[in-house]
>>> print(open('structure_4.cif').read())   # mmCIF, C-alpha atoms
data_final
loop_
_atom_site.group_PDB
_atom_site.id
_atom_site.type_symbol
_atom_site.label_atom_id
_atom_site.label_comp_id
_atom_site.auth_asym_id
_atom_site.auth_seq_id
_atom_site.Cartn_x
_atom_site.Cartn_y
_atom_site.Cartn_z
ATOM 1 C CA MET A 1104 26.314 -13.268 20.892
ATOM 2 C CA GLU A 1105 26.364 -14.169 24.597
ATOM 3 C CA THR A 1106 30.028 -15.059 24.429
ATOM 4 C CA MET A 1107 30.905 -11.871 22.606
ATOM 5 C CA VAL A 1108 28.916 -9.671 24.991
ATOM 6 C CA PHE A 1109 30.651 -11.321 27.923
ATOM 7 C CA LEU A 1110 34.109 -10.992 26.359
ATOM 8 C CA SER A 1111 33.586 -7.320 25.728
ATOM 9 C CA THR A 1112 32.995 -6.773 29.453
ATOM 10 C CA CYS A 1113 36.337 -8.415 30.270
ATOM 11 C CA ARG A 1114 39.711 -6.778 30.559
ATOM 12 C CA GLY A 1115 42.389 -9.102 29.299
ATOM 13 C CA ASN A 1116 41.998 -12.722 28.361
ATOM 14 C CA CYS A 1117 39.179 -14.967 29.516
ATOM 15 C CA SER A 1118 39.516 -18.701 29.897
ATOM 16 C CA ILE A 1119 36.919 -21.000 28.419
ATOM 17 C CA ARG A 1120 36.035 -21.944 31.976
ATOM 18 C CA SER A 1121 35.268 -18.361 33.054
ATOM 19 C CA ILE A 1122 33.195 -17.755 29.918
ATOM 20 C CA SER A 1123 31.337 -20.967 30.624
ATOM 21 C CA GLU A 1124 30.621 -19.893 34.197
ATOM 22 C CA ALA A 1125 29.303 -16.498 33.105
ATOM 23 C CA THR A 1126 27.187 -17.679 30.191
ATOM 24 C CA GLY A 1127 26.155 -21.160 31.266
ATOM 25 C CA ILE A 1128 27.367 -22.485 27.897
ATOM 26 C CA SER A 1129 29.285 -25.764 28.153
ATOM 27 C CA SER A 1130 33.053 -25.641 27.608
ATOM 28 C CA GLY A 1131 32.849 -28.112 24.747
ATOM 29 C CA TYR A 1132 30.287 -26.033 22.912
ATOM 30 C CA LEU A 1133 32.226 -22.839 23.561
ATOM 31 C CA GLU A 1134 35.308 -24.372 21.923
ATOM 32 C CA GLN A 1135 33.164 -24.979 18.841
ATOM 33 C CA LEU A 1136 31.677 -21.467 18.891
ATOM 34 C CA MET A 1137 35.171 -19.993 18.991
ATOM 35 C CA ILE A 1138 36.178 -21.588 15.675
ATOM 36 C CA PRO A 1139 34.106 -19.304 13.393
ATOM 37 C CA LEU A 1140 34.626 -16.310 15.712
ATOM 38 C CA LYS A 1141 38.383 -16.764 15.347
ATOM 39 C CA LYS A 1142 38.163 -17.439 11.644
ATOM 40 C CA TYR A 1143 36.370 -14.115 11.087
ATOM 41 C CA ASN A 1144 38.844 -12.323 13.365
ATOM 42 C CA LEU A 1145 36.259 -11.399 15.970
ATOM 43 C CA VAL A 1146 38.208 -12.989 18.816
ATOM 44 C CA GLU A 1147 41.888 -13.548 19.434
ATOM 45 C CA SER A 1148 43.356 -16.250 21.580
ATOM 46 C CA GLU A 1149 46.555 -16.638 23.489
ATOM 47 C CA ARG A 1150 48.093 -19.720 24.990
ATOM 48 C CA GLY A 1151 49.806 -19.970 28.327
ATOM 49 C CA VAL A 1152 49.060 -19.326 31.967
ATOM 50 C CA ARG A 1153 47.419 -15.969 31.297
ATOM 51 C CA GLY A 1154 45.986 -17.185 28.014
ATOM 52 C CA GLY A 1155 42.407 -17.281 26.872
ATOM 53 C CA TYR A 1156 40.163 -15.376 24.545
ATOM 54 C CA ARG A 1157 39.527 -11.678 24.049
ATOM 55 C CA ILE A 1158 37.627 -9.613 21.500
ATOM 56 C CA SER A 1159 39.829 -8.539 18.626
ATOM 57 C CA ARG A 1160 38.494 -4.979 18.254
ATOM 58 C CA LYS A 1161 35.992 -2.564 19.735
ATOM 59 C CA ASP A 1162 33.722 -1.928 16.760
ATOM 60 C CA ILE A 1163 32.299 -5.436 16.343
ATOM 61 C CA THR A 1164 28.594 -5.389 15.505
ATOM 62 C CA CYS A 1165 25.883 -7.939 16.202
ATOM 63 C CA GLY A 1166 25.757 -8.442 12.433
ATOM 64 C CA ASP A 1167 29.441 -9.465 12.407
ATOM 65 C CA VAL A 1168 28.820 -12.049 15.110
ATOM 66 C CA LEU A 1169 25.609 -13.433 13.632
ATOM 67 C CA SER A 1170 26.993 -13.770 10.142
ATOM 68 C CA ALA A 1171 30.189 -15.406 11.420
ATOM 69 C CA SER A 1172 28.313 -17.973 13.487
ATOM 70 C CA GLU A 1173 25.156 -18.492 11.446
ATOM 71 C CA GLY A 1174 25.983 -17.184 7.996
ATOM 72 C CA GLU A 1175 24.351 -14.220 6.305
ATOM 73 C CA PHE A 1176 20.691 -13.820 7.291
ATOM 74 C CA THR A 1177 18.522 -14.933 4.368
ATOM 75 C CA PRO A 1178 14.903 -15.535 5.376
ATOM 76 C CA THR A 1179 14.020 -17.650 2.328
ATOM 77 C CA PRO A 1180 15.763 -20.123 0.015
ATOM 78 C CA CYS A 1181 14.988 -17.908 -2.982
ATOM 79 C CA ASP A 1182 18.438 -18.115 -4.569
ATOM 80 C CA ASP A 1183 17.526 -21.398 -6.233
ATOM 81 C CA CYS A 1184 14.168 -20.141 -7.456
ATOM 82 C CA GLU A 1185 13.536 -19.557 -11.148
ATOM 83 C CA GLN A 1186 10.693 -17.073 -10.706
ATOM 84 C CA GLY A 1187 13.180 -14.274 -10.176
ATOM 85 C CA ASP A 1188 11.894 -10.730 -10.377
ATOM 86 C CA SER A 1189 8.425 -11.816 -11.415
ATOM 87 C CA CYS A 1190 7.773 -13.057 -7.855
ATOM 88 C CA LYS A 1191 6.224 -10.119 -6.055
ATOM 89 C CA ALA A 1192 6.200 -11.880 -2.716
ATOM 90 C CA HIS A 1193 9.963 -11.766 -2.933
ATOM 91 C CA GLN A 1194 9.890 -7.999 -2.309
ATOM 92 C CA ILE A 1195 8.596 -8.729 1.150
ATOM 93 C CA TRP A 1196 11.376 -11.168 1.926
ATOM 94 C CA SER A 1197 13.934 -8.653 0.667
ATOM 95 C CA MET A 1198 12.470 -6.009 2.959
ATOM 96 C CA LEU A 1199 12.671 -8.390 5.901
ATOM 97 C CA GLN A 1200 16.221 -9.366 5.055
ATOM 98 C CA ASP A 1201 17.388 -5.759 4.670
ATOM 99 C CA THR A 1202 15.688 -4.646 7.875
ATOM 100 C CA VAL A 1203 17.314 -7.389 9.918
ATOM 101 C CA ASN A 1204 20.773 -7.057 8.374
ATOM 102 C CA ASN A 1205 20.826 -3.256 8.537
ATOM 103 C CA TYR A 1206 19.784 -3.290 12.165
ATOM 104 C CA ALA A 1207 22.222 -6.025 13.187
ATOM 105 C CA ASN A 1208 25.048 -4.187 11.443
ATOM 106 C CA GLN A 1209 24.289 -1.011 13.399
ATOM 107 C CA ILE A 1210 24.320 -2.408 16.905
ATOM 108 C CA LEU A 1211 27.708 -2.753 18.557
ATOM 109 C CA ILE A 1212 28.404 -5.673 20.874
ATOM 110 C CA GLU A 1213 30.110 -3.163 23.121
ATOM 111 C CA ASP A 1214 26.895 -1.123 23.425
ATOM 112 C CA LEU A 1215 24.920 -4.216 24.376
ATOM 113 C CA ALA A 1216 27.513 -4.998 27.009
ATOM 114 C CA SER A 1217 27.222 -1.483 28.429
ATOM 115 C CA HIS A 1218 23.550 -2.177 29.233
ATOM 116 C CA LEU A 1219 24.659 -5.273 31.090
ATOM 117 C CA VAL A 1220 27.098 -3.313 33.207
ATOM 118 C CA GLU A 1221 24.453 -0.665 33.925
ATOM 119 C CA SER A 1222 21.866 -3.162 35.086
ATOM 120 C CA GLU A 1223 24.491 -4.853 37.219
ATOM 121 C CA ALA A 1224 25.352 -1.561 38.861
ATOM 122 C CA GLY A 1225 21.676 -0.933 39.551
ATOM 123 C CA GLY A 1226 21.292 -4.304 41.198
ATOM 124 C CA GLY A 1227 19.087 -5.440 38.325
ATOM 125 C CA ILE A 1228 20.414 -8.974 38.265
ATOM 126 C CA MET B 109 14.557 -17.160 11.646
ATOM 127 C CA LYS B 110 13.611 -18.701 8.347
ATOM 128 C CA VAL B 111 10.300 -18.084 6.646
ATOM 129 C CA SER B 112 8.527 -21.431 6.397
ATOM 130 C CA THR B 113 7.171 -22.967 3.212
ATOM 131 C CA ARG B 114 3.735 -22.188 4.576
ATOM 132 C CA GLY B 115 4.644 -18.522 4.903
ATOM 133 C CA ARG B 116 6.068 -18.340 1.401
ATOM 134 C CA TYR B 117 3.240 -20.266 -0.275
ATOM 135 C CA GLY B 118 0.587 -18.395 1.664
ATOM 136 C CA LEU B 119 1.848 -14.992 0.655
ATOM 137 C CA ARG B 120 2.199 -16.026 -2.968
ATOM 138 C CA LEU B 121 -1.343 -17.389 -2.951
ATOM 139 C CA LEU B 122 -2.722 -14.092 -1.667
ATOM 140 C CA VAL B 123 -0.580 -12.039 -4.061
ATOM 141 C CA ASP B 124 -1.773 -14.174 -6.956
ATOM 142 C CA LEU B 125 -5.436 -13.790 -6.006
ATOM 143 C CA ALA B 126 -4.996 -10.054 -5.548
ATOM 144 C CA GLU B 127 -3.320 -9.705 -8.944
ATOM 145 C CA HIS B 128 -5.972 -11.721 -10.698
ATOM 146 C CA ALA B 129 -8.772 -9.893 -8.963
ATOM 147 C CA SER B 130 -12.068 -11.492 -9.774
ATOM 148 C CA ASP B 131 -15.604 -11.712 -8.459
ATOM 149 C CA LEU B 132 -15.599 -15.384 -9.306
ATOM 150 C CA PRO B 133 -13.916 -17.979 -7.139
ATOM 151 C CA VAL B 134 -10.480 -19.022 -8.342
ATOM 152 C CA ALA B 135 -9.561 -22.707 -8.313
ATOM 153 C CA LEU B 136 -6.313 -23.531 -6.543
ATOM 154 C CA SER B 137 -5.233 -25.547 -9.582
ATOM 155 C CA GLN B 138 -5.072 -22.255 -11.508
ATOM 156 C CA VAL B 139 -2.920 -20.613 -8.849
ATOM 157 C CA ALA B 140 -0.726 -23.708 -8.648
ATOM 158 C CA GLY B 141 -0.190 -23.550 -12.398
ATOM 159 C CA ARG B 142 0.517 -19.824 -12.510
ATOM 160 C CA GLN B 143 2.835 -19.854 -9.529
ATOM 161 C CA ASP B 144 4.392 -23.266 -10.123
ATOM 162 C CA LEU B 145 3.468 -24.427 -6.623
ATOM 163 C CA SER B 146 2.128 -27.737 -5.347
ATOM 164 C CA GLU B 147 -1.680 -27.698 -5.351
ATOM 165 C CA LYS B 148 -1.845 -30.108 -2.434
ATOM 166 C CA TYR B 149 0.201 -27.825 -0.283
ATOM 167 C CA LEU B 150 -1.748 -24.779 -1.416
ATOM 168 C CA GLN B 151 -4.914 -26.482 -0.150
ATOM 169 C CA GLN B 152 -3.495 -26.670 3.359
ATOM 170 C CA VAL B 153 -2.386 -23.053 3.272
ATOM 171 C CA ALA B 154 -5.746 -21.940 1.846
ATOM 172 C CA LEU B 155 -7.497 -23.637 4.741
ATOM 173 C CA LEU B 156 -5.407 -21.712 7.236
ATOM 174 C CA LEU B 157 -5.996 -18.428 5.411
ATOM 175 C CA THR B 158 -9.724 -19.141 5.344
ATOM 176 C CA ARG B 159 -9.788 -19.776 9.088
ATOM 177 C CA GLY B 160 -7.740 -16.634 9.572
ATOM 178 C CA GLY B 161 -10.352 -14.608 7.709
ATOM 179 C CA TYR B 162 -8.373 -13.747 4.578
ATOM 180 C CA LEU B 163 -10.060 -16.120 2.134
ATOM 181 C CA VAL B 164 -13.607 -17.239 1.486
ATOM 182 C CA SER B 165 -14.067 -20.769 0.246
ATOM 183 C CA VAL B 166 -16.796 -21.476 -2.324
ATOM 184 C CA LYS B 167 -17.808 -25.109 -2.674
ATOM 185 C CA GLY B 168 -19.189 -26.937 -5.650
ATOM 186 C CA ALA B 169 -18.713 -26.729 -9.406
ATOM 187 C CA GLY B 170 -16.939 -23.509 -10.318
ATOM 188 C CA GLY B 171 -15.866 -23.280 -6.700
ATOM 189 C CA GLY B 172 -12.577 -22.047 -5.346
ATOM 190 C CA TYR B 173 -11.315 -19.198 -3.257
ATOM 191 C CA LEU B 174 -11.939 -15.463 -3.065
ATOM 192 C CA LEU B 175 -10.209 -12.777 -1.051
ATOM 193 C CA SER B 176 -12.486 -11.957 1.875
ATOM 194 C CA ARG B 177 -11.887 -8.208 1.490
ATOM 195 C CA LYS B 178 -9.940 -5.719 -0.564
ATOM 196 C CA PRO B 179 -6.154 -6.205 -0.691
ATOM 197 C CA GLU B 180 -5.864 -2.606 0.580
ATOM 198 C CA GLN B 181 -7.379 -3.831 3.829
ATOM 199 C CA MET B 182 -4.973 -6.714 4.370
ATOM 200 C CA LEU B 183 -1.792 -5.929 6.276
ATOM 201 C CA ILE B 184 1.268 -7.932 5.278
ATOM 202 C CA TYR B 185 2.521 -8.078 8.851
ATOM 203 C CA ASP B 186 -0.720 -9.647 10.092
ATOM 204 C CA ILE B 187 -0.774 -12.159 7.242
ATOM 205 C CA PHE B 188 2.794 -13.101 7.964
ATOM 206 C CA ASP B 189 2.043 -13.426 11.664
ATOM 207 C CA LEU B 190 -0.846 -15.793 10.963
ATOM 208 C CA LEU B 191 1.109 -17.936 8.505
ATOM 209 C CA GLU B 192 4.188 -18.235 10.669
ATOM 210 C CA GLY B 193 2.397 -18.475 14.000
ATOM 211 C CA ASN B 194 4.912 -16.132 15.532
ATOM 212 C CA ILE B 195 7.408 -13.968 13.727
ATOM 213 C CA ALA B 196 9.339 -12.621 16.680
ATOM 214 C CA PHE B 197 13.096 -13.007 16.888
ATOM 215 C CA ALA B 198 13.023 -12.497 20.650
ATOM 216 C CA GLU B 199 12.294 -15.764 22.388
ATOM 217 C CA ILE B 200 10.151 -16.068 25.475
ATOM 218 C CA PRO B 201 12.611 -15.920 28.376
ATOM 219 C CA GLN B 202 13.405 -19.167 30.095
ATOM 220 C CA LYS B 203 13.102 -19.386 33.846
ATOM 221 C CA GLU B 204 16.859 -19.527 34.292
ATOM 222 C CA GLU B 205 17.576 -16.650 31.921
ATOM 223 C CA THR B 206 21.062 -15.306 32.588
ATOM 224 C CA ALA B 207 21.804 -11.583 32.845
ATOM 225 C CA ILE B 208 23.586 -11.746 29.495
ATOM 226 C CA GLN B 209 20.666 -13.486 27.791
ATOM 227 C CA ARG B 210 18.271 -10.939 29.199
ATOM 228 C CA CYS B 211 20.451 -8.079 28.048
ATOM 229 C CA ILE B 212 20.603 -9.445 24.490
ATOM 230 C CA ARG B 213 16.888 -10.194 24.431
ATOM 231 C CA ILE B 214 15.816 -6.745 25.618
ATOM 232 C CA HIS B 215 18.422 -4.614 23.904
ATOM 233 C CA PHE B 216 18.813 -6.522 20.664
ATOM 234 C CA PHE B 217 16.089 -9.011 19.747
ATOM 235 C CA GLU B 218 13.089 -7.101 21.086
ATOM 236 C CA LYS B 219 14.298 -3.950 19.354
ATOM 237 C CA LEU B 220 14.853 -5.916 16.180
ATOM 238 C CA ASP B 221 11.248 -7.128 16.351
ATOM 239 C CA GLU B 222 10.139 -3.530 16.713
ATOM 240 C CA LYS B 223 12.196 -2.570 13.635
ATOM 241 C CA VAL B 224 10.535 -5.312 11.623
ATOM 242 C CA ARG B 225 7.086 -4.185 12.787
ATOM 243 C CA ASN B 226 7.912 -0.593 11.830
ATOM 244 C CA THR B 227 9.190 -1.630 8.404
ATOM 245 C CA PHE B 228 5.929 -3.352 7.591
ATOM 246 C CA GLU B 229 3.645 -0.854 9.257
ATOM 247 C CA GLY B 230 0.861 0.110 6.882
ATOM 248 C CA VAL B 231 2.151 -2.156 4.083
ATOM 249 C CA THR B 232 -0.793 -3.941 2.526
ATOM 250 C CA LEU B 233 -1.284 -6.774 0.099
ATOM 251 C CA ALA B 234 -2.284 -4.177 -2.491
ATOM 252 C CA ASP B 235 1.132 -2.488 -2.179
ATOM 253 C CA VAL B 236 2.932 -5.718 -2.921
ATOM 254 C CA THR B 237 1.030 -6.269 -6.144
ATOM 255 C CA LYS B 238 2.119 -2.894 -7.476
ATOM 256 C CA ALA B 239 5.341 -3.273 -9.404
ATOM 257 C CA GLU B 240 6.443 0.296 -8.798
ATOM 258 C CA TRP B 241 6.001 0.072 -5.060
ATOM 259 C CA PHE B 242 9.216 -1.680 -4.147
ATOM 260 C CA THR B 243 11.397 0.553 -6.289
ATOM 261 C CA TYR B 244 9.847 3.432 -4.412
ATOM 262 C CA MET B 245 10.646 1.824 -1.041
ATOM 263 C CA ILE B 246 14.372 1.576 -1.789
#
>>> encode(input="structure_4.cif", output="structure tokens")
Amino acid sequence: METMVFLSTCRGNCSIRSISEATGISSGYLEQLMIPLKKYNLVESERGVRGGYRISRKDITCGDVLSASEGEFTPTPCDDCEQGDSCKAHQIWSMLQDTVNNYANQILIEDLASHLVESEAGGGI
Amino acid sequence: MKVSTRGRYGLRLLVDLAEHASDLPVALSQVAGRQDLSEKYLQQVALLLTRGGYLVSVKGAGGGYLLSRKPEQMLIYDIFDLLEGNIAFAEIPQKEETAIQRCIRIHFFEKLDEKVRNTFEGVTLADVTKAEWFTYMI
């Protein structure tokens, strides 16, 4: 999420080093984070002197990023359970799961980044 | 965030007791049998729920557990909060929180926590035991 928010504030490509400086995430770990982000087409990379990473499109949601890097949000391991529909507690976990996924799928990374730019402009950092 | 075994067992214990409403204490072995859960683990969870004020423990022969009040008066969110210790997605900010971390915490995770609170607002243990309730919700 931090990487994606940072990338969406950048024009053009960002090197791993500049992302690392902005986020405080180590370069080695960033290289690992980029693998699923690239696989799910959330970032694009370019080699060369002006190379680096950039976000692939403008309408990426927090849900896209979270499910690419952590997998779909499932609060419980209920898939393996045999109780099925007879488990009433399961309704609660479904509600939790739907609330989180619906919300995450609504919020754009770009909108989060716009708050960052605003607070920077206001000297909030 | 994953719901812990304690959270899952605890809720199922309360749902079971609410569904099999009784004035007599219910032995955990009965709940364990009905719900196919480990009795040993249920004991630990029952202790926590007793301390939290949701269950009353009755000792001796014919002893067991009772709900401390009506399921209509038990909020799912509060139960969940007790069982999990803390159910917030937003983490307490570290001293060296970066501007980006703060932005994500305030504008995403704290709002997500608010969404979750709103979803469960007013939802009681009694609601969960009603089969028709969930179909109504969606």
>>> atom_distance(input="structure_4.cif", atom1="CA of Lys1161 (chain A)", atom2="CA of Ser1118 (chain A)")
19.4 Å
>>> resolve_selection(input="structure_4.cif", expression="the PyMOL selection byres ((chain A and resi 1156-1160) around 9)", output="VMD selection string")
chain A and resid 1107 1110 to 1111 1113 to 1119 1137 1141 1144 to 1149 1154 to 1155 1161 to 1163
>>> closest_atom_pairs(input="structure_4.cif", of="chain B", to="chain A", cutoff="8 Å", atoms="all atoms listed in the file", output="Markdown table")
| residue | atom | partner | partner_atom | distance |
| --- | --- | --- | --- | --- |
| B:Met109 | CA | A:Pro1178 | CA | 6.5 |
| B:Lys110 | CA | A:Pro1178 | CA | 4.5 |
| B:Val111 | CA | A:Pro1178 | CA | 5.4 |
| B:Ser112 | CA | A:Thr1179 | CA | 7.8 |
| B:Arg116 | CA | A:Ala1192 | CA | 7.7 |
| B:Leu119 | CA | A:Ala1192 | CA | 6.3 |
| B:Arg120 | CA | A:Ala1192 | CA | 5.8 |
| B:Val123 | CA | A:Ala1192 | CA | 6.9 |
| B:Thr206 | CA | A:Thr1126 | CA | 7.0 |
| B:Ala207 | CA | A:Ile1228 | CA | 6.2 |
| B:Ile208 | CA | A:Glu1105 | CA | 6.1 |
| B:Gln209 | CA | A:Glu1105 | CA | 6.6 |
| B:Cys211 | CA | A:Leu1219 | CA | 5.9 |
| B:Ile212 | CA | A:Leu1215 | CA | 6.8 |
| B:His215 | CA | A:Leu1215 | CA | 6.5 |
| B:Phe216 | CA | A:Leu1215 | CA | 7.5 |
| B:Leu220 | CA | A:Tyr1206 | CA | 6.9 |
| B:Lys223 | CA | A:Thr1202 | CA | 7.0 |
| B:Val224 | CA | A:Thr1202 | CA | 6.4 |
| B:Thr227 | CA | A:Thr1202 | CA | 7.2 |
| B:Val236 | CA | A:Lys1191 | CA | 6.3 |
| B:Thr237 | CA | A:Lys1191 | CA | 6.5 |
| B:Ala239 | CA | A:Lys1191 | CA | 7.7 |
| B:Phe242 | CA | A:Gln1194 | CA | 6.6 |
>>> atom_distance(input="structure_4.cif", atom1="CA of Glu147 (chain B)", atom2="CA of Ala129 (chain B)")
19.5 Å
>>> atom_distance(input="structure_4.cif", atom1="CA of Tyr1132 (chain A)", atom2="CA of Arg1153 (chain A)")
21.6 Å
>>> resolve_selection(input="structure_4.cif", expression="the PyMOL selection byres ((chain B and resi 187-203) around 8)", output="JSON, numbers by chain")
{"B": [109, 111, 112, 114, 115, 118, 119, 156, 157, 160, 182, 183, 184, 185, 186, 204, 205, 210, 213, 217, 218, 220, 221]}
>>> resolve_selection(input="structure_4.cif", expression="the PyMOL selection byres ((chain B and resi 171-174) around 12)", output="PyMOL selection string")
chain B and resi 121-139+150-151+153-155+157-158+161-170+175-179
>>> residues_around(input="structure_4.cif", residues="Glu180 (chain B)", least_positions_apart="5", cutoff="9 Å", atoms="only C-alpha atoms", output="list in words")
Val231, Thr232, Leu233, Ala234 and Asp235 of chain B
>>> decode(input="structure_4.cif", residues="region 1124-1140 of chain A", atoms="N, CA, C and O atoms", output="JSON list (two decimals), in the first residue's frame")
[["chain", "number", "residue", "atom", "x", "y", "z"],
["A", 1124, "GLU", "N", 13.75, 5.41, -0.20],
["A", 1124, "GLU", "CA", 13.97, 6.63, 0.58],
["A", 1124, "GLU", "C", 12.64, 7.23, 1.08],
["A", 1124, "GLU", "O", 12.54, 7.69, 2.21],
["A", 1125, "ALA", "N", 11.63, 7.20, 0.23],
["A", 1125, "ALA", "CA", 10.35, 7.81, 0.60],
["A", 1125, "ALA", "C", 9.58, 6.98, 1.61],
["A", 1125, "ALA", "O", 8.89, 7.52, 2.48],
["A", 1126, "THR", "N", 9.69, 5.66, 1.49],
["A", 1126, "THR", "CA", 8.84, 4.80, 2.34],
["A", 1126, "THR", "C", 9.59, 4.24, 3.54],
["A", 1126, "THR", "O", 8.96, 3.79, 4.50],
["A", 1127, "GLY", "N", 10.91, 4.22, 3.47],
["A", 1127, "GLY", "CA", 11.68, 3.60, 4.54],
["A", 1127, "GLY", "C", 11.70, 2.08, 4.44],
["A", 1127, "GLY", "O", 12.20, 1.40, 5.34],
["A", 1128, "ILE", "N", 11.17, 1.54, 3.34],
["A", 1128, "ILE", "CA", 11.20, 0.09, 3.13],
["A", 1128, "ILE", "C", 12.52, -0.27, 2.45],
["A", 1128, "ILE", "O", 12.95, 0.42, 1.54],
["A", 1129, "SER", "N", 13.15, -1.34, 2.90],
["A", 1129, "SER", "CA", 14.47, -1.70, 2.35],
["A", 1129, "SER", "C", 14.34, -2.07, 0.87],
["A", 1129, "SER", "O", 13.30, -2.57, 0.43],
["A", 1130, "SER", "N", 15.42, -1.84, 0.12],
["A", 1130, "SER", "CA", 15.41, -2.12, -1.32],
["A", 1130, "SER", "C", 15.13, -3.60, -1.58],
["A", 1130, "SER", "O", 14.36, -3.94, -2.49],
["A", 1131, "GLY", "N", 15.75, -4.46, -0.78],
["A", 1131, "GLY", "CA", 15.57, -5.89, -0.97],
["A", 1131, "GLY", "C", 14.11, -6.29, -0.82],
["A", 1131, "GLY", "O", 13.57, -7.06, -1.62],
["A", 1132, "TYR", "N", 13.47, -5.74, 0.20],
["A", 1132, "TYR", "CA", 12.07, -6.08, 0.45],
["A", 1132, "TYR", "C", 11.17, -5.49, -0.64],
["A", 1132, "TYR", "O", 10.22, -6.13, -1.08],
["A", 1133, "LEU", "N", 11.53, -4.29, -1.10],
["A", 1133, "LEU", "CA", 10.74, -3.68, -2.18],
["A", 1133, "LEU", "C", 10.76, -4.53, -3.45],
["A", 1133, "LEU", "O", 9.74, -4.70, -4.10],
["A", 1134, "GLU", "N", 11.96, -5.08, -3.75],
["A", 1134, "GLU", "CA", 12.06, -5.96, -4.93],
["A", 1134, "GLU", "C", 11.07, -7.12, -4.80],
["A", 1134, "GLU", "O", 10.42, -7.50, -5.77],
["A", 1135, "GLN", "N", 10.95, -7.65, -3.59],
["A", 1135, "GLN", "CA", 10.01, -8.76, -3.37],
["A", 1135, "GLN", "C", 8.56, -8.30, -3.49],
["A", 1135, "GLN", "O", 7.73, -8.99, -4.07],
["A", 1136, "LEU", "N", 8.27, -7.12, -2.93],
["A", 1136, "LEU", "CA", 6.89, -6.59, -3.00],
["A", 1136, "LEU", "C", 6.45, -6.37, -4.44],
["A", 1136, "LEU", "O", 5.29, -6.52, -4.77],
["A", 1137, "MET", "N", 7.43, -6.01, -5.29],
["A", 1137, "MET", "CA", 7.09, -5.69, -6.68],
["A", 1137, "MET", "C", 6.65, -6.93, -7.45],
["A", 1137, "MET", "O", 5.91, -6.81, -8.43],
["A", 1138, "ILE", "N", 7.08, -8.11, -7.04],
["A", 1138, "ILE", "CA", 6.77, -9.32, -7.81],
["A", 1138, "ILE", "C", 5.25, -9.53, -7.95],
["A", 1138, "ILE", "O", 4.75, -9.57, -9.07],
["A", 1139, "PRO", "N", 4.50, -9.60, -6.82],
["A", 1139, "PRO", "CA", 3.05, -9.75, -7.00],
["A", 1139, "PRO", "C", 2.39, -8.51, -7.62],
["A", 1139, "PRO", "O", 1.42, -8.64, -8.37],
["A", 1140, "LEU", "N", 2.91, -7.33, -7.33],
["A", 1140, "LEU", "CA", 2.30, -6.11, -7.91],
["A", 1140, "LEU", "C", 2.44, -6.10, -9.43],
["A", 1140, "LEU", "O", 1.56, -5.64, -10.15]]
